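Here's the structure, in structure tokens; my notes come after.
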Amino acid sequence: MPDVIGVEAPCVDCLLHLPRLPRPNEGLAVEDSSWQGGGKVSTAMVALARLGASCGMISDIGDDGYGRFSKRDFDFHGVETTHVRLHQDYQTGLSYVLSEDETHGRNILHWNHKAAPAGLTPEDKEYLCQAKLLHLASAQEACREAAAIVHQNGGLVAFDADGYSSDIEAFIPNIDYFIASEFYYRHCYGDSQDFEGNCRQIIARGPRVCIFTFGPQGCLGVGPEGFFNEPTFPVPVVDTVGAGDVYHGAFLYGVLQGWETARSARFANAVASLKCTCIGGRAGIPTLEETLAFMKTGCVHRPEEIKHRLERYRDPARLFM
């Protein structure tokens with residue numbers, strides 16, 4: 001049984017890398033393109049698997065080309081898919097992702113899809129009973145039910161709060177590892193520089209750890225050992241898509257090892273930084289050995305495996321057969 005289970009319907013990312021975003025009525029040459037699996041929780045699970053952890057997904061997706069690719073991509077990266085279900089008459093999500101050199105930013109366009117029914121089966125519930133960690137990015141009913149099952153069986157719940165919602169706010173008492181974005185922070189606290197005090201406000205509501213990520217500025221938070229502020233690592237950035245998702249997976253890897261919170265956060269910064277040297281959320285995720293070497297030397301050495309993975313993701317005709 002996997003140590004970490006994620007609950008989410010994955011999507012597919014069609015990624016286009018540009019020198020900059022086009023102006024109105026302007027054409028630009030695409031520098032690189034890629035088709036990769038997407039989804040906050042889904043990509044975090046791929047990062048965990050790449051680092052050597054055992055993990056699995058509970059997912060309901062369409063029995064279409066994108067859905068079949070999503071399942072195969074989990075298998076390719078070593079994520080358990082016994083609870084990934086394909087449904088006829090439903091459509092898997094697709095996102096068009098534009099990243100560019102000028103600001104290292106990205107723009108994401110979501111294609112509406114007909115979602116599969118969200119709900120836990122009796123088999124899902126039994127599966128969840130064995131999890132050490134549950135990772136979520138939604139506070140919908142199935143996720144709330146999954147969190148209750150994991151807690152009842154002695155496991156812990158991690159949450160990716162990328163964007164603010166009242167549902168997430170209400171769910172905070174049920175979260176053990178609350179990791180939120182700078183956008184969530186600014187929605188709640190504006191320009192406040194009392195980072196430690198604001199993190200402790202959230203911890204007072206239930207979580208044992210509260211972390212906010214600030215992109216190239218790194219991350220900060222409060223854990224059982226106190227307040228920390230960890231800078232990111234300098235790398236030649238190609239694409240920041242999926243960096244936050246990968247950060248979550250890498251942080252949870254540290255949790256599984258029993259590391260102190262700041263050590264897990266620094267490790268997660270390193271893994272996410274290396275991811276940013278490649279297009280897309282998954283192609284550039286490093287192994288444990290590669291990450292540790294990078295943290296020791298500061299040198300970015302990407303293995304041949306990365307090049308092969310990038311080539312694999314450039315061939316949609318083969319990927320979606």
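The chains in the structure tokens are called A, B, ... from first to last as shown; in each chain the residues are counted from 1, and the ligands are counted from 1 in the order shown.
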Exercise. Could you name the residues that touch stretch 269-278 of chain A at 6 Å or less, counting only C-alpha atoms, but leaving out those on the same chain fewer than 4 positions away, as number ranges by chain?
Worked result: A: 232, 236-240, 243, 246-247, 284-285
Take the selection from the previous step and output its residues with C-alpha atoms, as a compact mmCIF listing (two decimals), in the first residue's frame.
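out_1.txt, freshly written:
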```txt
# COMPACT_ATOMS: atom_id res chain seq x y z
CA THR A 232 15.30 29.33 -3.33
CA PRO A 236 18.71 28.82 -15.43
CA VAL A 237 14.91 29.09 -15.47
CA VAL A 238 13.07 27.76 -18.52
CA ASP A 239 9.55 27.33 -17.16
CA THR A 240 7.99 27.75 -13.70
CA ALA A 243 7.00 24.40 -9.52
CA VAL A 246 6.55 19.76 -7.24
CA TYR A 247 7.43 21.70 -4.08
CA GLY A 284 12.41 18.12 -15.22
CA ILE A 285 11.61 16.64 -11.79
```
Residue set, stretch 254-299 of chain A restricted to alpha helix (DSSP H), as a JSON list (two decimals) with N, CA and C atoms, in the first residue's frame:
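And here is the file that came out, selection39.json:
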```json
[["chain", "number", "residue", "atom", "x", "y", "z"],
["A", 254, "GLY", "N", 10.15, 14.85, 2.50],
["A", 254, "GLY", "CA", 10.88, 15.16, 3.73],
["A", 254, "GLY", "C", 10.10, 14.77, 4.98],
["A", 255, "VAL", "N", 8.78, 14.98, 4.93],
["A", 255, "VAL", "CA", 7.94, 14.58, 6.07],
["A", 255, "VAL", "C", 8.04, 13.08, 6.30],
["A", 256, "LEU", "N", 8.01, 12.30, 5.21],
["A", 256, "LEU", "CA", 8.11, 10.85, 5.34],
["A", 256, "LEU", "C", 9.45, 10.43, 5.95],
["A", 257, "GLN", "N", 10.50, 11.22, 5.72],
["A", 257, "GLN", "CA", 11.83, 10.90, 6.26],
["A", 257, "GLN", "C", 11.97, 11.32, 7.72],
["A", 261, "THR", "N", 11.10, 20.62, 9.78],
["A", 261, "THR", "CA", 10.31, 21.35, 8.78],
["A", 261, "THR", "C", 11.19, 22.19, 7.86],
["A", 262, "ALA", "N", 12.14, 22.93, 8.41],
["A", 262, "ALA", "CA", 12.98, 23.79, 7.59],
["A", 262, "ALA", "C", 13.82, 22.98, 6.61],
["A", 263, "ARG", "N", 14.29, 21.81, 7.03],
["A", 263, "ARG", "CA", 15.07, 20.96, 6.13],
["A", 263, "ARG", "C", 14.20, 20.47, 4.98],
["A", 264, "SER", "N", 12.99, 20.05, 5.29],
["A", 264, "SER", "CA", 12.07, 19.61, 4.23],
["A", 264, "SER", "C", 11.77, 20.75, 3.27],
["A", 265, "ALA", "N", 11.61, 21.97, 3.80],
["A", 265, "ALA", "CA", 11.31, 23.13, 2.96],
["A", 265, "ALA", "C", 12.49, 23.48, 2.05],
["A", 266, "ARG", "N", 13.70, 23.40, 2.60],
["A", 266, "ARG", "CA", 14.88, 23.69, 1.78],
["A", 266, "ARG", "C", 15.04, 22.64, 0.68],
["A", 267, "PHE", "N", 14.82, 21.40, 1.02],
["A", 267, "PHE", "CA", 14.89, 20.32, 0.03],
["A", 267, "PHE", "C", 13.83, 20.53, -1.05],
["A", 268, "ALA", "N", 12.62, 20.91, -0.65],
["A", 268, "ALA", "CA", 11.55, 21.15, -1.62],
["A", 268, "ALA", "C", 11.90, 22.30, -2.55],
["A", 269, "ASN", "N", 12.54, 23.35, -2.02],
["A", 269, "ASN", "CA", 13.00, 24.45, -2.86],
["A", 269, "ASN", "C", 13.97, 23.95, -3.93],
["A", 270, "ALA", "N", 14.87, 23.06, -3.55],
["A", 270, "ALA", "CA", 15.87, 22.55, -4.49],
["A", 270, "ALA", "C", 15.20, 21.72, -5.59],
["A", 271, "VAL", "N", 14.29, 20.84, -5.21],
["A", 271, "VAL", "CA", 13.60, 20.01, -6.21],
["A", 271, "VAL", "C", 12.81, 20.88, -7.17],
["A", 272, "ALA", "N", 12.07, 21.86, -6.64],
["A", 272, "ALA", "CA", 11.28, 22.75, -7.50],
["A", 272, "ALA", "C", 12.16, 23.59, -8.40],
["A", 273, "SER", "N", 13.30, 24.03, -7.89],
["A", 273, "SER", "CA", 14.23, 24.82, -8.70],
["A", 273, "SER", "C", 14.74, 24.01, -9.89],
["A", 274, "LEU", "N", 15.12, 22.76, -9.65],
["A", 274, "LEU", "CA", 15.61, 21.92, -10.75],
["A", 274, "LEU", "C", 14.50, 21.66, -11.77],
["A", 275, "LYS", "N", 13.28, 21.49, -11.31],
["A", 275, "LYS", "CA", 12.16, 21.32, -12.24],
["A", 275, "LYS", "C", 12.07, 22.46, -13.22],
["A", 288, "LEU", "N", 16.27, 11.84, -6.18],
["A", 288, "LEU", "CA", 16.84, 12.19, -4.88],
["A", 288, "LEU", "C", 18.34, 12.43, -5.00],
["A", 289, "GLU", "N", 19.04, 11.57, -5.69],
["A", 289, "GLU", "CA", 20.50, 11.70, -5.81],
["A", 289, "GLU", "C", 20.88, 12.98, -6.53],
["A", 290, "GLU", "N", 20.14, 13.30, -7.59],
["A", 290, "GLU", "CA", 20.42, 14.53, -8.34],
["A", 290, "GLU", "C", 20.18, 15.76, -7.47],
["A", 291, "THR", "N", 19.13, 15.73, -6.68],
["A", 291, "THR", "CA", 18.81, 16.87, -5.82],
["A", 291, "THR", "C", 19.86, 17.07, -4.75],
["A", 292, "LEU", "N", 20.26, 15.99, -4.10],
["A", 292, "LEU", "CA", 21.26, 16.11, -3.02],
["A", 292, "LEU", "C", 22.59, 16.62, -3.56],
["A", 293, "ALA", "N", 22.96, 16.17, -4.76],
["A", 293, "ALA", "CA", 24.20, 16.66, -5.37],
["A", 293, "ALA", "C", 24.10, 18.14, -5.68],
["A", 294, "PHE", "N", 22.95, 18.56, -6.19],
["A", 294, "PHE", "CA", 22.74, 19.98, -6.50],
["A", 294, "PHE", "C", 22.79, 20.84, -5.24],
["A", 295, "MET", "N", 22.20, 20.37, -4.16],
["A", 295, "MET", "CA", 22.21, 21.13, -2.91],
["A", 295, "MET", "C", 23.62, 21.26, -2.35],
["A", 296, "LYS", "N", 24.45, 20.27, -2.61],
["A", 296, "LYS", "CA", 25.82, 20.27, -2.10],
["A", 296, "LYS", "C", 26.74, 21.16, -2.92],
["A", 297, "THR", "N", 26.56, 21.13, -4.25],
["A", 297, "THR", "CA", 27.51, 21.82, -5.14],
["A", 297, "THR", "C", 26.95, 23.08, -5.77]]
```
Exercise. Skipping near chain neighbours, those fewer than 6 positions away, what residues fall within 6 Å of stretch 69-86 of chain A using only C-alpha atoms, listed as a PyMOL selection string?
Worked result: chain A and resi 37+49+55-56+58-63+320
Go ahead and save the residues from that selection, with N, CA and C atoms, as a PDB file, in the first residue's frame.
```
ATOM      1  N   GLY A  37       1.347  15.588 -18.310  1.00  0.00           N
ATOM      2  CA  GLY A  37       0.280  15.469 -17.329  1.00  0.00           C
ATOM      3  C   GLY A  37       0.288  16.669 -16.401  1.00  0.00           C
ATOM      4  N   ALA A  49       7.045  10.122  -6.327  1.00  0.00           N
ATOM      5  CA  ALA A  49       7.482   8.856  -6.913  1.00  0.00           C
ATOM      6  C   ALA A  49       8.897   8.967  -7.467  1.00  0.00           C
ATOM      7  N   CYS A  55       3.452   6.046  -3.618  1.00  0.00           N
ATOM      8  CA  CYS A  55       2.274   6.914  -3.624  1.00  0.00           C
ATOM      9  C   CYS A  55       1.274   6.420  -4.655  1.00  0.00           C
ATOM     10  N   GLY A  56       0.029   6.838  -4.470  1.00  0.00           N
ATOM     11  CA  GLY A  56      -1.026   6.452  -5.386  1.00  0.00           C
ATOM     12  C   GLY A  56      -2.067   7.542  -5.498  1.00  0.00           C
ATOM     13  N   ILE A  58      -6.292   8.577  -6.232  1.00  0.00           N
ATOM     14  CA  ILE A  58      -7.710   8.282  -6.402  1.00  0.00           C
ATOM     15  C   ILE A  58      -8.253   9.314  -7.375  1.00  0.00           C
ATOM     16  N   SER A  59      -8.668   8.871  -8.550  1.00  0.00           N
ATOM     17  CA  SER A  59      -9.061   9.793  -9.622  1.00  0.00           C
ATOM     18  C   SER A  59     -10.194   9.215 -10.446  1.00  0.00           C
ATOM     19  N   ASP A  60     -11.082  10.086 -10.890  1.00  0.00           N
ATOM     20  CA  ASP A  60     -12.111   9.751 -11.865  1.00  0.00           C
ATOM     21  C   ASP A  60     -11.948  10.692 -13.044  1.00  0.00           C
ATOM     22  N   ILE A  61     -11.647  10.126 -14.222  1.00  0.00           N
ATOM     23  CA  ILE A  61     -11.380  10.938 -15.413  1.00  0.00           C
ATOM     24  C   ILE A  61     -12.081  10.322 -16.620  1.00  0.00           C
ATOM     25  N   GLY A  62     -12.056  11.045 -17.716  1.00  0.00           N
ATOM     26  CA  GLY A  62     -12.722  10.577 -18.917  1.00  0.00           C
ATOM     27  C   GLY A  62     -11.975   9.440 -19.593  1.00  0.00           C
ATOM     28  N   ASP A  63     -12.736   8.548 -20.197  1.00  0.00           N
ATOM     29  CA  ASP A  63     -12.144   7.468 -20.995  1.00  0.00           C
ATOM     30  C   ASP A  63     -11.935   8.000 -22.409  1.00  0.00           C
ATOM     31  N   PHE A 320      -1.116  10.149 -27.297  1.00  0.00           N
ATOM     32  CA  PHE A 320      -2.569  10.056 -27.159  1.00  0.00           C
ATOM     33  C   PHE A 320      -3.188   8.965 -28.008  1.00  0.00           C
TER      34      PHE A 320
END
```
Per-residue nearest contacts of stretch 91-205 of chain A to stretch 5-23 of chain A (8 Å; only C-alpha atoms) as a tab-separated table:
```
residue	atom	partner	partner_atom	distance
A:Thr92	CA	A:Cys11	CA	6.0
A:Gly93	CA	A:Cys11	CA	4.5
A:Leu94	CA	A:Val12	CA	4.9
A:Ser95	CA	A:Asp13	CA	4.9
A:Tyr96	CA	A:Cys14	CA	4.9
A:Val97	CA	A:Leu15	CA	4.7
A:Leu98	CA	A:Leu16	CA	5.1
A:Ser99	CA	A:His17	CA	4.9
A:Glu100	CA	A:Leu18	CA	4.6
A:Asp101	CA	A:Pro19	CA	4.9
A:Glu102	CA	A:Arg20	CA	5.3
A:Thr103	CA	A:Arg20	CA	7.8
A:Leu128	CA	A:Ile5	CA	7.2
A:Ala131	CA	A:Ile5	CA	6.4
A:Leu133	CA	A:Ile5	CA	6.5
A:Leu134	CA	A:Ile5	CA	5.0
A:His135	CA	A:Gly6	CA	4.8
A:Leu136	CA	A:Val7	CA	6.0
A:Ala137	CA	A:Glu8	CA	7.7
A:Cys143	CA	A:Val7	CA	6.8
```
Problem set entry | Residue list (strand (DSSP E), DSSP) for stretch 51-151 of chain A, as a VMD selection string | chain A and resid 55 to 62 80 to 87 93 to 100 106 to 111 133 to 136
Exercise. Using only C-alpha atoms, which residues sit within 6 Å of stretch 307-316 of chain A once same-chain residues fewer than 6 positions away are excluded, as number ranges by chain?
Worked result: A: 34-35, 283
Near-stretch 220-223 of chain A list (9 Å; only C-alpha atoms; drop same-chain fewer than 2 positions) as a CSV table (one decimal) with all heavy atoms, in the first residue's frame:
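As written to disk, out-v8.csv reads:
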```csv
chain,number,residue,atom,x,y,z
A,179,ILE,N,0.1,24.3,3.2
A,179,ILE,CA,1.1,25.0,2.4
A,179,ILE,C,0.4,25.8,1.3
A,179,ILE,O,-0.3,25.3,0.5
A,179,ILE,CB,2.0,24.0,1.7
A,179,ILE,CG1,2.6,23.0,2.8
A,179,ILE,CG2,3.1,24.7,0.9
A,179,ILE,CD1,3.5,21.9,2.2
A,195,PHE,N,5.2,37.8,9.0
A,195,PHE,CA,5.0,36.5,8.4
A,195,PHE,C,4.8,35.5,9.6
A,195,PHE,O,4.0,34.6,9.5
A,195,PHE,CB,6.2,36.2,7.6
A,195,PHE,CG,6.3,37.1,6.4
A,195,PHE,CD1,7.4,37.9,6.2
A,195,PHE,CD2,5.4,37.1,5.4
A,195,PHE,CE1,7.6,38.7,5.2
A,195,PHE,CE2,5.5,38.0,4.3
A,195,PHE,CZ,6.6,38.8,4.2
A,196,GLU,N,5.7,35.5,10.6
A,196,GLU,CA,5.6,34.6,11.6
A,196,GLU,C,4.3,34.6,12.4
A,196,GLU,O,3.6,33.6,12.6
A,196,GLU,CB,6.7,34.7,12.6
A,196,GLU,CG,6.7,33.7,13.8
A,196,GLU,CD,7.9,33.8,14.7
A,196,GLU,OE1,8.8,34.6,14.4
A,196,GLU,OE2,7.9,33.0,15.7
A,199,CYS,N,1.5,33.2,10.2
A,199,CYS,CA,1.5,31.7,10.2
A,199,CYS,C,1.0,31.1,11.5
A,199,CYS,O,0.3,30.1,11.5
A,199,CYS,CB,3.0,31.3,9.9
A,199,CYS,SG,3.6,31.5,8.2
A,200,ARG,N,1.4,31.8,12.6
A,200,ARG,CA,0.9,31.2,13.9
A,200,ARG,C,-0.6,31.4,14.1
A,200,ARG,O,-1.2,30.6,14.8
A,200,ARG,CB,1.7,31.9,15.0
A,200,ARG,CG,3.2,31.5,15.0
A,200,ARG,CD,3.9,31.9,16.3
A,200,ARG,NE,5.3,31.5,16.3
A,200,ARG,CZ,5.7,30.3,16.6
A,200,ARG,NH1,4.9,29.3,16.9
A,200,ARG,NH2,7.0,30.0,16.5
A,203,ILE,N,-1.8,28.3,12.5
A,203,ILE,CA,-1.5,27.1,13.3
A,203,ILE,C,-2.4,27.0,14.5
A,203,ILE,O,-2.8,25.9,14.9
A,203,ILE,CB,0.0,27.1,13.7
A,203,ILE,CG1,0.9,26.7,12.5
A,203,ILE,CG2,0.3,26.2,14.9
A,203,ILE,CD1,2.3,26.7,12.8
A,208,ARG,N,-0.3,21.6,12.2
A,208,ARG,CA,0.9,21.6,12.9
A,208,ARG,C,2.0,22.3,12.2
A,208,ARG,O,3.0,22.7,12.8
A,208,ARG,CB,1.4,20.1,13.1
A,208,ARG,CG,1.6,19.3,11.8
A,208,ARG,CD,2.1,17.9,12.1
A,208,ARG,NE,1.2,17.2,12.9
A,208,ARG,CZ,1.4,16.0,13.5
A,208,ARG,NH1,2.6,15.4,13.3
A,208,ARG,NH2,0.5,15.3,14.2
A,209,VAL,N,1.9,22.6,10.8
A,209,VAL,CA,2.8,23.3,10.0
A,209,VAL,C,2.0,24.2,9.1
A,209,VAL,O,1.0,23.9,8.5
A,209,VAL,CB,3.7,22.3,9.2
A,209,VAL,CG1,4.5,23.1,8.1
A,209,VAL,CG2,4.6,21.5,10.1
A,210,CYS,N,2.5,25.5,9.0
A,210,CYS,CA,2.0,26.4,8.0
A,210,CYS,C,3.1,27.0,7.2
A,210,CYS,O,4.1,27.5,7.8
A,210,CYS,CB,1.2,27.6,8.7
A,210,CYS,SG,0.7,28.9,7.6
A,211,ILE,N,3.0,26.9,5.9
A,211,ILE,CA,4.1,27.4,5.0
A,211,ILE,C,3.5,28.3,3.9
A,211,ILE,O,2.4,27.9,3.4
A,211,ILE,CB,4.9,26.3,4.3
A,211,ILE,CG1,5.6,25.5,5.4
A,211,ILE,CG2,5.9,26.8,3.3
A,211,ILE,CD1,6.3,24.2,4.9
A,212,PHE,N,4.1,29.4,3.5
A,212,PHE,CA,3.7,30.1,2.4
A,212,PHE,C,4.9,30.1,1.4
A,212,PHE,O,6.1,30.4,1.8
A,212,PHE,CB,3.4,31.6,2.7
A,212,PHE,CG,2.0,31.7,3.4
A,212,PHE,CD1,2.0,31.8,4.8
A,212,PHE,CD2,0.9,31.6,2.7
A,212,PHE,CE1,0.7,31.9,5.5
A,212,PHE,CE2,-0.4,31.7,3.3
A,212,PHE,CZ,-0.4,31.8,4.7
A,213,THR,N,4.6,29.9,0.1
A,213,THR,CA,5.6,29.9,-0.9
A,213,THR,C,5.6,31.2,-1.7
A,213,THR,O,4.5,31.7,-2.0
A,213,THR,CB,5.5,28.7,-1.9
A,213,THR,OG1,4.2,28.8,-2.5
A,213,THR,CG2,5.6,27.4,-1.1
A,214,PHE,N,6.7,31.8,-2.0
A,214,PHE,CA,6.8,33.1,-2.7
A,214,PHE,C,7.6,33.0,-3.9
A,214,PHE,O,8.4,33.9,-4.2
A,214,PHE,CB,7.3,34.1,-1.7
A,214,PHE,CG,6.4,34.5,-0.6
A,214,PHE,CD1,6.4,33.8,0.6
A,214,PHE,CD2,5.5,35.6,-0.8
A,214,PHE,CE1,5.5,34.1,1.6
A,214,PHE,CE2,4.6,35.9,0.3
A,214,PHE,CZ,4.6,35.2,1.4
A,218,GLY,N,11.5,32.1,-2.5
A,218,GLY,CA,11.6,30.9,-1.6
A,218,GLY,C,10.3,30.8,-0.8
A,218,GLY,O,9.2,31.0,-1.2
A,225,GLU,N,9.4,23.3,15.2
A,225,GLU,CA,10.7,23.8,15.6
A,225,GLU,C,10.8,25.3,15.6
A,225,GLU,O,11.8,25.9,16.1
A,225,GLU,CB,11.9,23.2,14.7
A,225,GLU,CG,11.8,21.7,14.5
A,225,GLU,CD,10.9,21.3,13.4
A,225,GLU,OE1,10.4,22.1,12.7
A,225,GLU,OE2,10.7,20.0,13.3
A,226,GLY,N,9.8,26.0,15.1
A,226,GLY,CA,9.7,27.4,15.1
A,226,GLY,C,9.7,28.0,13.7
A,226,GLY,O,9.4,27.3,12.7
A,227,PHE,N,9.9,29.3,13.6
A,227,PHE,CA,9.8,30.0,12.3
A,227,PHE,C,11.1,29.8,11.5
A,227,PHE,O,12.2,29.7,12.0
A,227,PHE,CB,9.7,31.5,12.6
A,227,PHE,CG,9.6,32.4,11.3
A,227,PHE,CD1,8.5,32.4,10.6
A,227,PHE,CD2,10.7,33.1,10.9
A,227,PHE,CE1,8.4,33.2,9.4
A,227,PHE,CE2,10.6,33.9,9.8
A,227,PHE,CZ,9.5,33.9,9.0
A,228,PHE,N,10.9,29.7,10.2
A,228,PHE,CA,12.0,29.6,9.2
A,228,PHE,C,11.8,30.4,8.0
A,228,PHE,O,10.6,30.7,7.6
A,228,PHE,CB,12.3,28.1,8.9
A,228,PHE,CG,11.1,27.5,8.2
A,228,PHE,CD1,11.1,27.5,6.8
A,228,PHE,CD2,10.1,26.8,8.8
A,228,PHE,CE1,10.0,26.9,6.1
A,228,PHE,CE2,9.1,26.2,8.2
A,228,PHE,CZ,9.0,26.3,6.8
A,229,ASN,N,12.8,30.7,7.3
A,229,ASN,CA,12.7,31.4,6.0
A,229,ASN,C,13.8,30.9,5.1
A,229,ASN,O,15.0,31.1,5.3
A,229,ASN,CB,12.9,32.9,6.2
A,229,ASN,CG,12.6,33.7,5.0
A,229,ASN,OD1,12.6,33.2,3.8
A,229,ASN,ND2,12.3,35.0,5.1
A,230,GLU,N,13.4,30.1,4.1
A,230,GLU,CA,14.4,29.4,3.2
A,230,GLU,C,14.4,30.0,1.8
A,230,GLU,O,13.3,30.0,1.1
A,230,GLU,CB,14.0,27.9,3.1
A,230,GLU,CG,14.2,27.1,4.4
A,230,GLU,CD,15.7,26.9,4.7
A,230,GLU,OE1,16.5,27.1,3.8
A,230,GLU,OE2,16.0,26.7,5.9
A,231,PRO,N,15.5,30.5,1.4
A,231,PRO,CA,15.6,31.1,0.0
A,231,PRO,C,15.6,29.9,-1.0
A,231,PRO,O,15.9,28.8,-0.7
A,231,PRO,CB,17.0,31.8,0.0
A,231,PRO,CG,17.8,31.0,1.0
A,231,PRO,CD,16.8,30.6,2.1
A,260,GLU,N,13.2,17.7,10.0
A,260,GLU,CA,12.7,19.0,10.6
A,260,GLU,C,12.0,19.8,9.4
A,260,GLU,O,12.4,19.7,8.3
A,260,GLU,CB,13.8,19.8,11.2
A,260,GLU,CG,14.3,19.1,12.5
A,260,GLU,CD,15.3,20.1,13.3
A,260,GLU,OE1,15.6,21.1,12.7
A,260,GLU,OE2,15.6,19.7,14.4
A,261,THR,N,11.1,20.6,9.8
A,261,THR,CA,10.3,21.3,8.8
A,261,THR,C,11.2,22.2,7.9
A,261,THR,O,11.0,22.2,6.6
A,261,THR,CB,9.3,22.2,9.5
A,261,THR,OG1,8.6,21.5,10.4
A,261,THR,CG2,8.3,22.8,8.5
A,262,ALA,N,12.1,22.9,8.4
A,262,ALA,CA,13.0,23.8,7.6
A,262,ALA,C,13.8,23.0,6.6
A,262,ALA,O,14.0,23.4,5.5
A,262,ALA,CB,13.9,24.6,8.5
A,265,ALA,N,11.6,22.0,3.8
A,265,ALA,CA,11.3,23.1,3.0
A,265,ALA,C,12.5,23.5,2.1
A,265,ALA,O,12.3,23.8,0.9
A,265,ALA,CB,11.0,24.3,3.8
```
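Across A:Ile202, A:Ala142, A:Cys219, A:Ile149, the tightest approach to A:Glu169 is made by A:Ile202 when counting only C-alpha atoms.
Compared by their closest atoms to A:Pro207, and using only C-alpha atoms, the residues A:Glu305, A:Asp167, A:Glu26, A:Asp176 rank with A:Asp176 nearest.
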Exercise. Within 12 Å of A:Ala170, counting only C-alpha atoms, which residues qualify if same-chain residues fewer than 5 places away don't, as a list in words?
Worked result: Ser138, Ala139, Gln140, Arg144, Tyr164, Ser165, Ile175, Ile202, Arg205 and Gly206 of chain A
Restrict the selected residues to all heavy atoms and save them as a JSON list (two decimals), in the first residue's frame.
```
[["chain", "number", "residue", "atom", "x", "y", "z"],
["A", 138, "SER", "N", -8.27, 20.53, -2.84],
["A", 138, "SER", "CA", -9.68, 20.91, -2.90],
["A", 138, "SER", "C", -10.34, 20.53, -1.59],
["A", 138, "SER", "O", -9.96, 19.54, -0.95],
["A", 138, "SER", "CB", -10.38, 20.21, -4.07],
["A", 138, "SER", "OG", -11.79, 20.33, -3.96],
["A", 139, "ALA", "N", -11.34, 21.30, -1.20],
["A", 139, "ALA", "CA", -12.11, 20.99, 0.00],
["A", 139, "ALA", "C", -13.51, 20.51, -0.36],
["A", 139, "ALA", "O", -14.45, 20.65, 0.43],
["A", 139, "ALA", "CB", -12.18, 22.22, 0.91],
["A", 140, "GLN", "N", -13.66, 19.92, -1.54],
["A", 140, "GLN", "CA", -14.94, 19.36, -1.93],
["A", 140, "GLN", "C", -15.29, 18.16, -1.05],
["A", 140, "GLN", "O", -14.45, 17.64, -0.31],
["A", 140, "GLN", "CB", -14.91, 18.95, -3.40],
["A", 140, "GLN", "CG", -14.77, 20.14, -4.36],
["A", 140, "GLN", "CD", -14.70, 19.70, -5.80],
["A", 140, "GLN", "OE1", -14.50, 18.52, -6.09],
["A", 140, "GLN", "NE2", -14.83, 20.66, -6.71],
["A", 144, "ARG", "N", -13.06, 16.09, 1.76],
["A", 144, "ARG", "CA", -13.33, 16.17, 3.20],
["A", 144, "ARG", "C", -13.54, 14.79, 3.80],
["A", 144, "ARG", "O", -13.05, 14.48, 4.89],
["A", 144, "ARG", "CB", -14.55, 17.06, 3.46],
["A", 144, "ARG", "CG", -14.38, 18.51, 3.02],
["A", 144, "ARG", "CD", -15.44, 19.41, 3.65],
["A", 144, "ARG", "NE", -16.79, 18.98, 3.33],
["A", 144, "ARG", "CZ", -17.49, 19.38, 2.28],
["A", 144, "ARG", "NH1", -16.94, 20.22, 1.40],
["A", 144, "ARG", "NH2", -18.74, 18.96, 2.08],
["A", 164, "TYR", "N", -7.15, 31.34, -2.86],
["A", 164, "TYR", "CA", -8.04, 31.47, -1.70],
["A", 164, "TYR", "C", -9.46, 31.06, -2.04],
["A", 164, "TYR", "O", -9.97, 31.34, -3.13],
["A", 164, "TYR", "CB", -8.04, 32.91, -1.20],
["A", 164, "TYR", "CG", -9.01, 33.14, -0.07],
["A", 164, "TYR", "CD1", -8.61, 32.94, 1.25],
["A", 164, "TYR", "CD2", -10.34, 33.51, -0.31],
["A", 164, "TYR", "CE1", -9.50, 33.12, 2.30],
["A", 164, "TYR", "CE2", -11.23, 33.69, 0.73],
["A", 164, "TYR", "CZ", -10.81, 33.49, 2.03],
["A", 164, "TYR", "OH", -11.70, 33.66, 3.06],
["A", 165, "SER", "N", -10.12, 30.39, -1.10],
["A", 165, "SER", "CA", -11.56, 30.18, -1.17],
["A", 165, "SER", "C", -12.09, 30.03, 0.24],
["A", 165, "SER", "O", -11.37, 29.60, 1.15],
["A", 165, "SER", "CB", -11.91, 28.92, -2.00],
["A", 165, "SER", "OG", -11.70, 27.76, -1.25],
["A", 175, "ILE", "N", -6.55, 20.23, 8.50],
["A", 175, "ILE", "CA", -5.29, 20.12, 7.75],
["A", 175, "ILE", "C", -4.12, 20.07, 8.73],
["A", 175, "ILE", "O", -4.07, 20.84, 9.68],
["A", 175, "ILE", "CB", -5.13, 21.31, 6.78],
["A", 175, "ILE", "CG1", -6.27, 21.32, 5.76],
["A", 175, "ILE", "CG2", -3.78, 21.26, 6.08],
["A", 175, "ILE", "CD1", -6.34, 22.61, 4.95],
["A", 202, "ILE", "N", -2.69, 30.81, 11.74],
["A", 202, "ILE", "CA", -3.24, 29.63, 11.07],
["A", 202, "ILE", "C", -2.98, 28.38, 11.90],
["A", 202, "ILE", "O", -3.87, 27.52, 12.06],
["A", 202, "ILE", "CB", -2.64, 29.50, 9.65],
["A", 202, "ILE", "CG1", -3.19, 30.63, 8.76],
["A", 202, "ILE", "CG2", -2.95, 28.14, 9.04],
["A", 202, "ILE", "CD1", -2.63, 30.68, 7.38],
["A", 205, "ARG", "N", -5.37, 27.44, 14.52],
["A", 205, "ARG", "CA", -6.66, 26.87, 14.08],
["A", 205, "ARG", "C", -6.58, 25.37, 13.84],
["A", 205, "ARG", "O", -7.59, 24.75, 13.48],
["A", 205, "ARG", "CB", -7.12, 27.59, 12.82],
["A", 205, "ARG", "CG", -7.36, 29.08, 13.04],
["A", 205, "ARG", "CD", -7.60, 29.81, 11.73],
["A", 205, "ARG", "NE", -8.76, 29.28, 11.02],
["A", 205, "ARG", "CZ", -9.05, 29.60, 9.76],
["A", 205, "ARG", "NH1", -8.27, 30.43, 9.08],
["A", 205, "ARG", "NH2", -10.11, 29.08, 9.18],
["A", 206, "GLY", "N", -5.38, 24.77, 13.96],
["A", 206, "GLY", "CA", -5.32, 23.32, 13.82],
["A", 206, "GLY", "C", -4.07, 22.74, 13.18],
["A", 206, "GLY", "O", -3.56, 21.72, 13.66]]
```
